[in-house]
file input26.pdb (PDB, C-alpha atoms and all ligand atoms)
ATOM      1  CA  MET A  24     -18.211  -4.837 -10.020
ATOM      2  CA  LYS A  25     -17.970  -1.060 -10.118
ATOM      3  CA  ILE A  26     -18.456   0.617  -6.754
ATOM      4  CA  PRO A  27     -18.714   4.376  -7.261
ATOM      5  CA  PHE A  28     -16.354   6.302  -5.032
ATOM      6  CA  PHE A  29     -18.749   8.847  -3.635
ATOM      7  CA  ASN A  30     -22.253   7.441  -3.627
ATOM      8  CA  THR A  31     -22.212   8.103   0.112
ATOM      9  CA  ASN A  32     -25.001   6.017   1.570
ATOM     10  CA  GLN A  33     -26.536   6.361   5.032
ATOM     11  CA  LEU A  34     -24.217   3.839   6.649
ATOM     12  CA  GLU A  35     -21.036   5.572   5.524
ATOM     13  CA  GLU A  36     -22.371   9.001   6.490
ATOM     14  CA  SER A  37     -23.022   7.720   9.998
ATOM     15  CA  PHE A  38     -19.307   7.045  10.492
ATOM     16  CA  HIS A  39     -17.152   9.549  12.286
ATOM     17  CA  TYR A  40     -13.975  10.726  10.578
ATOM     18  CA  PRO A  41     -11.847  12.372  13.292
ATOM     19  CA  GLU A  42      -9.183  14.710  11.985
ATOM     20  CA  ASP A  43      -6.775  14.804  14.924
ATOM     21  CA  ASN A  44      -3.685  12.585  15.027
ATOM     22  CA  THR A  45      -4.532  10.756  11.820
ATOM     23  CA  PRO A  46      -1.607   8.671  10.543
ATOM     24  CA  GLU A  47      -0.166  10.519   7.564
ATOM     25  CA  HIS A  48       1.101   7.376   5.872
ATOM     26  CA  VAL A  49      -0.738   4.052   6.139
ATOM     27  CA  ALA A  50       0.772   0.928   4.571
ATOM     28  CA  ILE A  51      -1.314  -2.222   4.130
ATOM     29  CA  ILE A  52      -0.435  -5.877   3.556
ATOM     30  CA  MET A  53      -3.657  -7.054   1.920
ATOM     31  CA  ASP A  54      -3.677 -10.711   2.925
ATOM     32  CA  GLY A  55      -6.382 -13.372   2.880
ATOM     33  CA  ASN A  56      -7.821 -13.192  -0.630
ATOM     34  CA  GLY A  57      -7.135 -16.855  -1.377
ATOM     35  CA  ARG A  58      -8.630 -18.116   1.893
ATOM     36  CA  TRP A  59     -11.691 -15.892   1.456
ATOM     37  CA  ALA A  60     -12.356 -17.492  -1.919
ATOM     38  CA  GLU A  61     -11.630 -21.042  -0.738
ATOM     39  CA  ASN A  62     -13.992 -20.556   2.238
ATOM     40  CA  GLN A  63     -16.783 -19.937  -0.256
ATOM     41  CA  GLY A  64     -15.819 -22.762  -2.610
ATOM     42  CA  LEU A  65     -14.615 -20.257  -5.229
ATOM     43  CA  PRO A  66     -11.336 -20.173  -7.173
ATOM     44  CA  ARG A  67      -8.599 -18.044  -5.557
ATOM     45  CA  ALA A  68      -8.956 -15.493  -8.356
ATOM     46  CA  ALA A  69     -12.403 -14.603  -7.006
ATOM     47  CA  GLY A  70     -10.720 -13.509  -3.779
ATOM     48  CA  HIS A  71      -8.329 -11.219  -5.629
ATOM     49  CA  GLN A  72     -11.221  -9.773  -7.630
ATOM     50  CA  GLU A  73     -13.151  -9.094  -4.442
ATOM     51  CA  GLY A  74      -9.950  -7.628  -2.992
ATOM     52  CA  VAL A  75     -10.143  -4.875  -5.599
ATOM     53  CA  SER A  76     -13.566  -3.846  -4.258
ATOM     54  CA  THR A  77     -11.968  -3.551  -0.824
ATOM     55  CA  ILE A  78      -9.243  -1.337  -2.315
ATOM     56  CA  VAL A  79     -11.945   0.990  -3.646
ATOM     57  CA  LYS A  80     -13.625   1.212  -0.229
ATOM     58  CA  ILE A  81     -10.368   1.776   1.643
ATOM     59  CA  VAL A  82      -9.075   4.420  -0.786
ATOM     60  CA  LYS A  83     -12.357   6.258  -0.367
ATOM     61  CA  THR A  84     -12.134   6.031   3.438
ATOM     62  CA  ALA A  85      -8.485   7.127   3.414
ATOM     63  CA  ILE A  86      -9.492  10.235   1.439
ATOM     64  CA  LYS A  87     -12.303  11.028   3.867
ATOM     65  CA  SER A  88      -9.984  10.452   6.826
ATOM     66  CA  LYS A  89      -7.365  12.821   5.369
ATOM     67  CA  VAL A  90      -4.659  10.165   5.210
ATOM     68  CA  LYS A  91      -1.900  11.622   3.017
ATOM     69  CA  VAL A  92      -0.199   8.467   1.723
ATOM     70  CA  LEU A  93      -1.648   4.963   1.318
ATOM     71  CA  THR A  94       0.758   2.207   0.248
ATOM     72  CA  LEU A  95      -0.793  -1.113  -0.784
ATOM     73  CA  TYR A  96       1.240  -4.327  -1.117
ATOM     74  CA  ALA A  97      -0.300  -5.726  -4.295
ATOM     75  CA  PHE A  98       2.370  -8.099  -5.630
ATOM     76  CA  SER A  99       5.636  -9.155  -4.002
ATOM     77  CA  THR A 100       8.860 -10.429  -5.537
ATOM     78  CA  GLU A 101       7.956 -13.756  -3.875
ATOM     79  CA  ASN A 102       4.501 -13.920  -5.495
ATOM     80  CA  TRP A 103       6.134 -15.159  -8.741
ATOM     81  CA  LYS A 104       6.210 -18.583  -7.025
ATOM     82  CA  ARG A 105       2.415 -18.845  -7.462
ATOM     83  CA  PRO A 106       0.754 -20.752 -10.316
ATOM     84  CA  ARG A 107       1.048 -18.878 -13.616
ATOM     85  CA  HIS A 108      -2.714 -18.424 -14.006
ATOM     86  CA  GLU A 109      -2.960 -16.770 -10.572
ATOM     87  CA  ILE A 110      -0.023 -14.445 -11.331
ATOM     88  CA  ASP A 111      -1.592 -13.486 -14.658
ATOM     89  CA  PHE A 112      -4.906 -12.786 -12.966
ATOM     90  CA  ILE A 113      -3.398 -10.567 -10.245
ATOM     91  CA  LEU A 114      -1.270  -8.631 -12.733
ATOM     92  CA  LYS A 115      -4.322  -7.835 -14.880
ATOM     93  CA  LEU A 116      -6.103  -6.213 -11.934
ATOM     94  CA  PRO A 117      -4.229  -2.868 -11.854
ATOM     95  CA  LYS A 118      -5.187  -2.231 -15.486
ATOM     96  CA  GLU A 119      -8.790  -3.245 -14.847
ATOM     97  CA  PHE A 120      -8.957  -1.116 -11.689
ATOM     98  CA  LEU A 121      -7.459   1.940 -13.388
ATOM     99  CA  SER A 122      -9.577   1.612 -16.527
ATOM    100  CA  ILE A 123     -12.660   1.890 -14.318
ATOM    101  CA  TYR A 124     -11.551   4.249 -11.566
ATOM    102  CA  LEU A 125      -8.852   6.543 -12.959
ATOM    103  CA  PRO A 126     -11.329   9.347 -13.855
ATOM    104  CA  GLU A 127     -12.749   9.263 -10.318
ATOM    105  CA  LEU A 128      -9.292   9.126  -8.771
ATOM    106  CA  ILE A 129      -8.332  12.183 -10.826
ATOM    107  CA  ALA A 130     -11.533  13.934  -9.743
ATOM    108  CA  GLN A 131     -10.676  13.170  -6.127
ATOM    109  CA  ASN A 132      -7.200  14.737  -6.553
ATOM    110  CA  VAL A 133      -5.460  11.376  -5.920
ATOM    111  CA  ARG A 134      -1.849  11.035  -7.051
ATOM    112  CA  ILE A 135      -0.903   7.518  -8.090
ATOM    113  CA  ASP A 136       2.585   6.159  -7.713
ATOM    114  CA  ALA A 137       4.248   2.748  -7.652
ATOM    115  CA  ILE A 138       7.141   1.124  -5.834
ATOM    116  CA  GLY A 139       8.918  -2.027  -6.943
ATOM    117  CA  ASP A 140      10.775  -3.300  -9.979
ATOM    118  CA  MET A 141       8.377  -2.430 -12.792
ATOM    119  CA  ASN A 142      10.651  -3.850 -15.505
ATOM    120  CA  ALA A 143       9.660  -7.465 -14.875
ATOM    121  CA  LEU A 144       5.928  -6.730 -15.007
ATOM    122  CA  PRO A 145       3.872  -7.456 -18.134
ATOM    123  CA  PHE A 146       3.682  -4.521 -20.547
ATOM    124  CA  PHE A 147      -0.048  -3.947 -19.970
ATOM    125  CA  THR A 148       0.458  -3.622 -16.197
ATOM    126  CA  ARG A 149       3.394  -1.228 -16.570
ATOM    127  CA  GLU A 150       1.613   0.825 -19.204
ATOM    128  CA  ALA A 151      -1.556   1.211 -17.111
ATOM    129  CA  ILE A 152       0.417   2.231 -14.022
ATOM    130  CA  GLN A 153       2.695   4.586 -15.980
ATOM    131  CA  HIS A 154      -0.306   6.235 -17.615
ATOM    132  CA  ALA A 155      -1.973   6.722 -14.207
ATOM    133  CA  ILE A 156       1.241   8.131 -12.706
ATOM    134  CA  GLU A 157       1.501  10.651 -15.550
ATOM    135  CA  ARG A 158      -2.185  11.618 -15.480
ATOM    136  CA  THR A 159      -2.206  12.204 -11.716
ATOM    137  CA  GLY A 160       1.292  13.681 -11.329
ATOM    138  CA  ASP A 161       0.034  17.204 -10.573
ATOM    139  CA  ASN A 162      -2.523  16.119  -7.981
ATOM    140  CA  ASP A 163      -1.795  16.900  -4.358
ATOM    141  CA  GLY A 164      -4.441  14.910  -2.510
ATOM    142  CA  LEU A 165      -4.010  11.325  -1.315
ATOM    143  CA  GLN A 166      -0.852   9.673  -2.665
ATOM    144  CA  LEU A 167      -1.829   6.119  -3.568
ATOM    145  CA  ASN A 168       1.222   3.866  -3.916
ATOM    146  CA  PHE A 169       0.938   0.416  -5.375
ATOM    147  CA  ALA A 170       3.755  -1.931  -4.377
ATOM    148  CA  LEU A 171       4.128  -4.149  -7.444
ATOM    149  CA  ASN A 172       6.911  -6.674  -7.868
ATOM    150  CA  TYR A 173       8.159  -5.181  -4.634
ATOM    151  CA  GLY A 174      10.628  -6.841  -2.266
ATOM    152  CA  SER A 175      12.308  -4.905   0.489
ATOM    153  CA  ARG A 176      15.605  -6.818   0.472
ATOM    154  CA  HIS A 177      15.866  -6.341  -3.276
ATOM    155  CA  GLU A 178      15.125  -2.628  -2.788
ATOM    156  CA  ILE A 179      17.804  -2.255  -0.088
ATOM    157  CA  LEU A 180      20.400  -4.193  -2.078
ATOM    158  CA  ASN A 181      19.768  -2.107  -5.194
ATOM    159  CA  ALA A 182      19.904   1.081  -3.156
ATOM    160  CA  MET A 183      23.275  -0.001  -1.752
ATOM    161  CA  LYS A 184      24.655  -0.788  -5.206
ATOM    162  CA  THR A 185      23.629   2.606  -6.593
ATOM    163  CA  MET A 186      24.872   4.367  -3.479
ATOM    164  CA  ILE A 187      28.267   2.658  -3.594
ATOM    165  CA  GLY A 188      28.486   3.641  -7.271
ATOM    166  CA  ASP A 189      27.870   7.266  -6.261
ATOM    167  CA  ILE A 190      30.498   7.036  -3.513
ATOM    168  CA  ASN A 191      33.010   5.635  -6.005
ATOM    169  CA  LYS A 192      32.210   8.464  -8.419
ATOM    170  CA  GLY A 193      32.789  10.977  -5.619
ATOM    171  CA  LYS A 194      29.144  12.156  -5.689
ATOM    172  CA  LEU A 195      28.630  11.081  -2.083
ATOM    173  CA  SER A 196      30.943  11.024   0.904
ATOM    174  CA  LEU A 197      31.158   7.734   2.817
ATOM    175  CA  ASP A 198      32.089   9.568   6.024
ATOM    176  CA  GLU A 199      29.095  11.884   5.837
ATOM    177  CA  LEU A 200      26.603   9.222   4.765
ATOM    178  CA  ASN A 201      23.481   9.300   6.949
ATOM    179  CA  GLU A 202      20.102   7.542   7.174
ATOM    180  CA  GLN A 203      18.287  10.279   5.295
ATOM    181  CA  GLN A 204      20.686  10.021   2.365
ATOM    182  CA  PHE A 205      20.317   6.242   2.271
ATOM    183  CA  SER A 206      16.509   6.593   2.300
ATOM    184  CA  GLY A 207      16.875   8.713  -0.820
ATOM    185  CA  TYR A 208      18.060   5.636  -2.738
ATOM    186  CA  LEU A 209      14.947   3.602  -1.926
ATOM    187  CA  TYR A 210      11.785   3.430  -4.071
ATOM    188  CA  THR A 211      10.109   5.466  -1.341
ATOM    189  CA  ALA A 212      12.563   8.383  -1.649
ATOM    190  CA  GLY A 213      10.922  11.568  -0.449
ATOM    191  CA  VAL A 214       7.936   9.770   1.100
ATOM    192  CA  LYS A 215       7.473   9.909   4.856
ATOM    193  CA  ASP A 216       7.939   6.509   6.535
ATOM    194  CA  PRO A 217       4.620   4.778   7.307
ATOM    195  CA  ASP A 218       3.026   5.766  10.621
ATOM    196  CA  LEU A 219       0.738   2.756  10.627
ATOM    197  CA  LEU A 220       1.059  -0.710   9.081
ATOM    198  CA  ILE A 221      -2.084  -2.800   8.771
ATOM    199  CA  ARG A 222      -1.950  -6.492   7.917
ATOM    200  CA  THR A 223      -5.179  -8.364   7.327
ATOM    201  CA  GLY A 224      -5.595 -12.133   7.150
ATOM    202  CA  GLY A 225      -4.273 -13.172  10.564
ATOM    203  CA  GLU A 226      -0.543 -13.596   9.865
ATOM    204  CA  LYS A 227       1.882 -11.547  11.935
ATOM    205  CA  ARG A 228       4.890 -11.052   9.720
ATOM    206  CA  LEU A 229       6.275  -8.428   7.370
ATOM    207  CA  SER A 230       6.774 -10.629   4.298
ATOM    208  CA  ASN A 231       9.644  -8.526   2.924
ATOM    209  CA  PHE A 232       7.600  -5.313   2.984
ATOM    210  CA  LEU A 233       9.243  -1.918   3.691
ATOM    211  CA  LEU A 234      11.799  -3.363   6.158
ATOM    212  CA  TRP A 235      13.821  -0.138   6.371
ATOM    213  CA  GLN A 236      10.823   2.204   6.320
ATOM    214  CA  LEU A 237       8.879   0.401   9.094
ATOM    215  CA  ALA A 238      11.569   0.885  11.777
ATOM    216  CA  TYR A 239       9.299   3.058  13.989
ATOM    217  CA  THR A 240       5.905   2.286  12.505
ATOM    218  CA  GLU A 241       2.940   1.233  14.647
ATOM    219  CA  PHE A 242       1.566  -2.184  13.641
ATOM    220  CA  TRP A 243      -2.060  -3.271  13.627
ATOM    221  CA  PHE A 244      -2.984  -6.846  12.770
ATOM    222  CA  THR A 245      -6.425  -8.259  12.177
ATOM    223  CA  ASP A 246      -7.748 -11.746  11.425
ATOM    224  CA  VAL A 247     -10.255 -10.271   8.976
ATOM    225  CA  LEU A 248      -9.507 -11.435   5.421
ATOM    226  CA  TRP A 249      -8.819  -8.609   2.964
ATOM    227  CA  PRO A 250     -12.057  -9.033   0.924
ATOM    228  CA  ASP A 251     -14.020  -8.672   4.195
ATOM    229  CA  PHE A 252     -12.000  -5.692   5.449
ATOM    230  CA  SER A 253     -14.445  -2.814   5.746
ATOM    231  CA  GLU A 254     -14.516   0.939   6.092
ATOM    232  CA  LYS A 255     -15.462   0.381   9.745
ATOM    233  CA  GLU A 256     -12.425  -1.868  10.351
ATOM    234  CA  PHE A 257     -10.122   0.671   8.716
ATOM    235  CA  LEU A 258     -11.508   3.493  10.872
ATOM    236  CA  HIS A 259     -11.050   1.237  13.912
ATOM    237  CA  ALA A 260      -7.363   0.741  13.008
ATOM    238  CA  LEU A 261      -6.923   4.519  12.679
ATOM    239  CA  GLU A 262      -8.586   4.955  16.077
ATOM    240  CA  LYS A 263      -6.249   2.385  17.669
ATOM    241  CA  TYR A 264      -3.314   4.268  16.151
ATOM    242  CA  ARG A 265      -4.551   7.491  17.758
ATOM    243  CA  GLN A 266      -4.409   5.808  21.159
ATOM    244  CA  ARG A 267      -0.773   4.725  20.778
ATOM    245  CA  GLU A 268       2.097   6.625  22.364
ATOM    246  CA  ARG A 269       4.951   6.999  19.910
ATOM    247  CA  ARG A 270       8.206   7.439  21.777
ATOM    248  CA  TYR A 271      10.747   6.554  19.098
ATOM    249  CA  GLY A 272      12.964   4.970  21.736
ATOM    250  CA  GLY A 273      12.756   8.011  24.016
ATOM    251  CA  ILE A 274      10.530   8.704  27.008
ATOM    252  CA  LEU A 275       7.435  10.856  27.296
ATOM    253  CA  LYS A 276       8.120  14.208  28.902
TER     254      LYS A 276
HETATM  255  C1  LIG B 301      -2.559 -11.835  -0.647
HETATM  256  O1  LIG B 301      -3.593 -12.748  -0.401
HETATM  257  C2  LIG B 301      -2.914 -11.001  -1.789
HETATM  258  C3  LIG B 301      -2.195 -10.899  -2.931
HETATM  259  C4  LIG B 301      -0.946 -11.614  -3.152
HETATM  260  C5  LIG B 301      -2.664 -10.085  -4.063
HETATM  261  C6  LIG B 301      -3.264  -8.785  -3.637
HETATM  262  C7  LIG B 301      -3.817  -8.107  -4.797
HETATM  263  C8  LIG B 301      -4.952  -7.423  -4.804
HETATM  264  C9  LIG B 301      -5.820  -7.253  -3.625
HETATM  265  C10 LIG B 301      -5.416  -6.758  -6.051
HETATM  266  C11 LIG B 301      -4.392  -5.839  -6.636
HETATM  267  C12 LIG B 301      -5.086  -4.865  -7.461
HETATM  268  C13 LIG B 301      -4.683  -3.610  -7.708
HETATM  269  C14 LIG B 301      -5.630  -2.709  -8.335
HETATM  270  C15 LIG B 301      -3.342  -3.126  -7.408
HETATM  271  P1  LIG B 301      -3.320 -14.304  -0.579
HETATM  272  O2  LIG B 301      -3.674 -14.681  -1.960
HETATM  273  O3  LIG B 301      -1.910 -14.618  -0.177
HETATM  274  O4  LIG B 301      -4.334 -14.893   0.440
HETATM  275  P2  LIG B 301      -4.195 -16.239   1.285
HETATM  276  O5  LIG B 301      -3.115 -15.994   2.321
HETATM  277  O6  LIG B 301      -5.533 -16.383   1.886
HETATM  278  O7  LIG B 301      -3.834 -17.348   0.336
END
call {"tool": "encode", "arguments": {"input": "input26.pdb", "output": "structure tokens"}}
result
Amino acid sequence: MKIPFFNTNQLEESFHYPEDNTPEHVAIIMDGNGRWAENQGLPRAAGHQEGVSTIVKIVKTAIKSKVKVLTLYAFSTENWKRPRHEIDFILKLPKEFLSIYLPELIAQNVRIDAIGDMNALPFFTREAIQHAIERTGDNDGLQLNFALNYGSRHEILNAMKTMIGDINKGKLSLDELNEQQFSGYLYTAGVKDPDLLIRTGGEKRLSNFLLWQLAYTEFWFTDVLWPDFSEKEFLHALEKYRQRERRYGGILK
């Protein structure tokens, strides 16, 4: 299933990668793996496996497009409600992905990071992610964030608990507390809020993803199922973003 990162074939070379007004941070809800598999009479796991190939293509395109941060929603706090065998399958994928692609990601100057509560993940998932974070920590190219066991409400609640602790200890002043300080308590501390959110698979909801961080993000939804999501579709989403006017509640001068 290995797709080399940079075996640039004719088709890919024919694409245009504009450099102006590229979203710095793109977040993606990768939805539709199960339906993709069911449509072909395959077990749902086949959809998740194929979804990894899409990750490879989209990471490659994000690098070429000079996107700075790519955050992928890989496993939510709600996904524990799925059958055990499906959970086990999904949680083995990061290790499989990294065992194949980590050398190429390092070569491409990618920095890997993760958001979410890692403690509840199986040891092999945590270990693979931790190893990748350490190995790529000095890289300054694309930051690739995997959201694993991530839930935005859980993140906000935990941030509040820690923050209130700091207020009680006198480390932080309640009167001076501002949005930027609060953001510093989230998993995404120090990372620019997403400029563009893409959700594949036809649903139009946030599913507990980055609720605080998406306050002024541009949204782009597509019916295409994640395993079918292509380089071309991704470039199209970036192009649509370029055409948007971001006013942040103000007016254009
Ligand atoms: C949503 O589709 C997808 C997921 C819950 C899992 C996404 C995981 C991957 C694409 C692989 C993760 C791998 C790495 C390397 C981090 P769904 O199953 O809800 O689809 P459906 O709505 O069609 O049922």
call {"tool": "residues_near_ligand", "arguments": {"input": "input26.pdb", "ligand": "ligand LIG 301 (chain B)", "cutoff": "9 Å", "atoms": "only C-alpha atoms and all ligand atoms", "output": "PyMOL selection string"}}
result
chain A and resi 52-61+67-68+70-79+95-99+102+109-110+113-121+169-171+224-226+248-250
call {"tool": "closest_residue", "arguments": {"input": "input26.pdb", "among": "A:Glu127, A:Arg158, A:Leu180, A:Tyr173", "to": "A:Ala143", "atoms": "all atoms listed in the file"}}
result
A:Tyr173
call {"tool": "atom_distance", "arguments": {"input": "input26.pdb", "atom1": "atom CA of A:Glu157", "atom2": "atom CA of A:Asn172"}}
result
19.7 Å
call {"tool": "residues_around", "arguments": {"input": "input26.pdb", "residues": "A:Thr240", "least_positions_apart": "5", "cutoff": "9 Å", "atoms": "all atoms listed in the file", "output": "MDAnalysis selection string"}}
result
chainID A and resid 216:220 269
call {"tool": "residues_around", "arguments": {"input": "input26.pdb", "residues": "A:Asn132", "least_positions_apart": "4", "cutoff": "8 Å", "atoms": "only C-alpha atoms", "output": "short mmCIF file (atom, residue, chain, number, x, y, z; two decimals) with C-alpha atoms, in the frame of the given file"}}
result
data_model
loop_
_atom_site.label_atom_id
_atom_site.label_comp_id
_atom_site.auth_asym_id
_atom_site.auth_seq_id
_atom_site.Cartn_x
_atom_site.Cartn_y
_atom_site.Cartn_z
CA LEU A 128 -9.29 9.13 -8.77
CA THR A 159 -2.21 12.20 -11.72
CA ASN A 162 -2.52 16.12 -7.98
CA ASP A 163 -1.80 16.90 -4.36
CA GLY A 164 -4.44 14.91 -2.51
CA LEU A 165 -4.01 11.32 -1.32
#
call {"tool": "residues_around", "arguments": {"input": "input26.pdb", "residues": "stretch 138-142 of chain A", "least_positions_apart": "2", "cutoff": "9 Å", "atoms": "only C-alpha atoms", "output": "number ranges by chain"}}
result
A: 94, 99-100, 136, 144-146, 148-149, 168-175, 177-178, 210-211
call {"tool": "resolve_selection", "arguments": {"input": "input26.pdb", "expression": "the PyMOL selection byres (((chain A and resi 45) around 9) and not hetatm)", "output": "list in words"}}
result
Pro41, Glu42, Asp43, Asn44, Pro46, Glu47, His48, Ser88, Lys89, Val90, Leu261, Glu262, Tyr264 and Arg265 of chain A
call {"tool": "atom_distance", "arguments": {"input": "input26.pdb", "atom1": "atom CA of A:His154", "atom2": "atom CA of A:Lys80"}}
result
22.5 Å
call {"tool": "closest_residue", "arguments": {"input": "input26.pdb", "among": "A:Gln203, A:Asn181, A:Gln153, A:Ser253", "to": "A:Val82", "atoms": "only C-alpha atoms"}}
result
A:Ser253
call {"tool": "atom_distance", "arguments": {"input": "input26.pdb", "atom1": "atom CA of A:Leu93", "atom2": "atom CA of A:Val49"}}
result
5.0 Å
call {"tool": "closest_residue", "arguments": {"input": "input26.pdb", "among": "A:Lys87, A:Pro66, A:Arg105, A:Ala137", "to": "A:Phe38", "atoms": "all atoms listed in the file"}}
result
A:Lys87
call {"tool": "residues_around", "arguments": {"input": "input26.pdb", "residues": "A:Phe205", "least_positions_apart": "2", "cutoff": "12 Å", "atoms": "all atoms listed in the file", "output": "MDAnalysis selection string"}}
result
chainID A and resid 178:187 189:190 195:197 199:203 207:213 235:236
call {"tool": "write_last_selection", "arguments": {"input": "input26.pdb", "atoms": "C-alpha atoms", "output": "PDB file, keeping the file's coordinate frame"}}
result
ATOM      1  CA  GLU A 178      15.125  -2.628  -2.788  1.00  0.00           C
ATOM      2  CA  ILE A 179      17.804  -2.255  -0.088  1.00  0.00           C
ATOM      3  CA  LEU A 180      20.400  -4.193  -2.078  1.00  0.00           C
ATOM      4  CA  ASN A 181      19.768  -2.107  -5.194  1.00  0.00           C
ATOM      5  CA  ALA A 182      19.904   1.081  -3.156  1.00  0.00           C
ATOM      6  CA  MET A 183      23.275  -0.001  -1.752  1.00  0.00           C
ATOM      7  CA  LYS A 184      24.655  -0.788  -5.206  1.00  0.00           C
ATOM      8  CA  THR A 185      23.629   2.606  -6.593  1.00  0.00           C
ATOM      9  CA  MET A 186      24.872   4.367  -3.479  1.00  0.00           C
ATOM     10  CA  ILE A 187      28.267   2.658  -3.594  1.00  0.00           C
ATOM     11  CA  ASP A 189      27.870   7.266  -6.261  1.00  0.00           C
ATOM     12  CA  ILE A 190      30.498   7.036  -3.513  1.00  0.00           C
ATOM     13  CA  LEU A 195      28.630  11.081  -2.083  1.00  0.00           C
ATOM     14  CA  SER A 196      30.943  11.024   0.904  1.00  0.00           C
ATOM     15  CA  LEU A 197      31.158   7.734   2.817  1.00  0.00           C
ATOM     16  CA  GLU A 199      29.095  11.884   5.837  1.00  0.00           C
ATOM     17  CA  LEU A 200      26.603   9.222   4.765  1.00  0.00           C
ATOM     18  CA  ASN A 201      23.481   9.300   6.949  1.00  0.00           C
ATOM     19  CA  GLU A 202      20.102   7.542   7.174  1.00  0.00           C
ATOM     20  CA  GLN A 203      18.287  10.279   5.295  1.00  0.00           C
ATOM     21  CA  GLY A 207      16.875   8.713  -0.820  1.00  0.00           C
ATOM     22  CA  TYR A 208      18.060   5.636  -2.738  1.00  0.00           C
ATOM     23  CA  LEU A 209      14.947   3.602  -1.926  1.00  0.00           C
ATOM     24  CA  TYR A 210      11.785   3.430  -4.071  1.00  0.00           C
ATOM     25  CA  THR A 211      10.109   5.466  -1.341  1.00  0.00           C
ATOM     26  CA  ALA A 212      12.563   8.383  -1.649  1.00  0.00           C
ATOM     27  CA  GLY A 213      10.922  11.568  -0.449  1.00  0.00           C
ATOM     28  CA  TRP A 235      13.821  -0.138   6.371  1.00  0.00           C
ATOM     29  CA  GLN A 236      10.823   2.204   6.320  1.00  0.00           C
TER      30      GLN A 236
END
call {"tool": "closest_residue", "arguments": {"input": "input26.pdb", "among": "A:Ala260, A:Ala130, A:Leu234, A:Leu65", "to": "A:Thr84", "atoms": "all atoms listed in the file"}}
result
A:Ala260
call {"tool": "decode", "arguments": {"input": "input26.pdb", "residues": "stretch 179-183 of chain A", "atoms": "all heavy atoms", "output": "mmCIF file, in the first residue's frame"}}
result
data_model
loop_
_atom_site.group_PDB
_atom_site.id
_atom_site.type_symbol
_atom_site.label_atom_id
_atom_site.label_comp_id
_atom_site.auth_asym_id
_atom_site.auth_seq_id
_atom_site.Cartn_x
_atom_site.Cartn_y
_atom_site.Cartn_z
ATOM 1 N N ILE A 179 -11.491 21.947 26.277
ATOM 2 C CA ILE A 179 -11.835 23.239 26.875
ATOM 3 C C ILE A 179 -12.021 23.093 28.388
ATOM 4 O O ILE A 179 -11.536 23.915 29.174
ATOM 5 C CB ILE A 179 -13.091 23.836 26.183
ATOM 6 C CG1 ILE A 179 -12.746 24.235 24.742
ATOM 7 C CG2 ILE A 179 -13.634 25.032 26.967
ATOM 8 C CD1 ILE A 179 -13.931 24.629 23.877
ATOM 9 N N LEU A 180 -12.696 22.012 28.780
ATOM 10 C CA LEU A 180 -12.925 21.782 30.212
ATOM 11 C C LEU A 180 -11.597 21.594 30.960
ATOM 12 O O LEU A 180 -11.371 22.197 32.017
ATOM 13 C CB LEU A 180 -13.806 20.535 30.373
ATOM 14 C CG LEU A 180 -14.558 20.375 31.676
ATOM 15 C CD1 LEU A 180 -15.489 21.554 31.905
ATOM 16 C CD2 LEU A 180 -15.367 19.078 31.648
ATOM 17 N N ASN A 181 -10.715 20.802 30.371
ATOM 18 C CA ASN A 181 -9.402 20.588 30.998
ATOM 19 C C ASN A 181 -8.606 21.870 31.075
ATOM 20 O O ASN A 181 -7.926 22.136 32.070
ATOM 21 C CB ASN A 181 -8.589 19.569 30.186
ATOM 22 C CG ASN A 181 -8.817 18.193 30.717
ATOM 23 O OD1 ASN A 181 -9.384 18.017 31.793
ATOM 24 N ND2 ASN A 181 -8.397 17.203 29.948
ATOM 25 N N ALA A 182 -8.690 22.656 29.998
ATOM 26 C CA ALA A 182 -7.976 23.941 29.968
ATOM 27 C C ALA A 182 -8.490 24.822 31.105
ATOM 28 O O ALA A 182 -7.717 25.448 31.825
ATOM 29 C CB ALA A 182 -8.182 24.628 28.624
ATOM 30 N N MET A 183 -9.820 24.833 31.271
ATOM 31 C CA MET A 183 -10.408 25.665 32.339
ATOM 32 C C MET A 183 -9.946 25.212 33.716
ATOM 33 O O MET A 183 -9.615 26.026 34.571
ATOM 34 C CB MET A 183 -11.932 25.639 32.258
ATOM 35 C CG MET A 183 -12.451 26.558 31.176
ATOM 36 S SD MET A 183 -14.206 26.422 30.982
ATOM 37 C CE MET A 183 -14.757 26.991 32.546
#
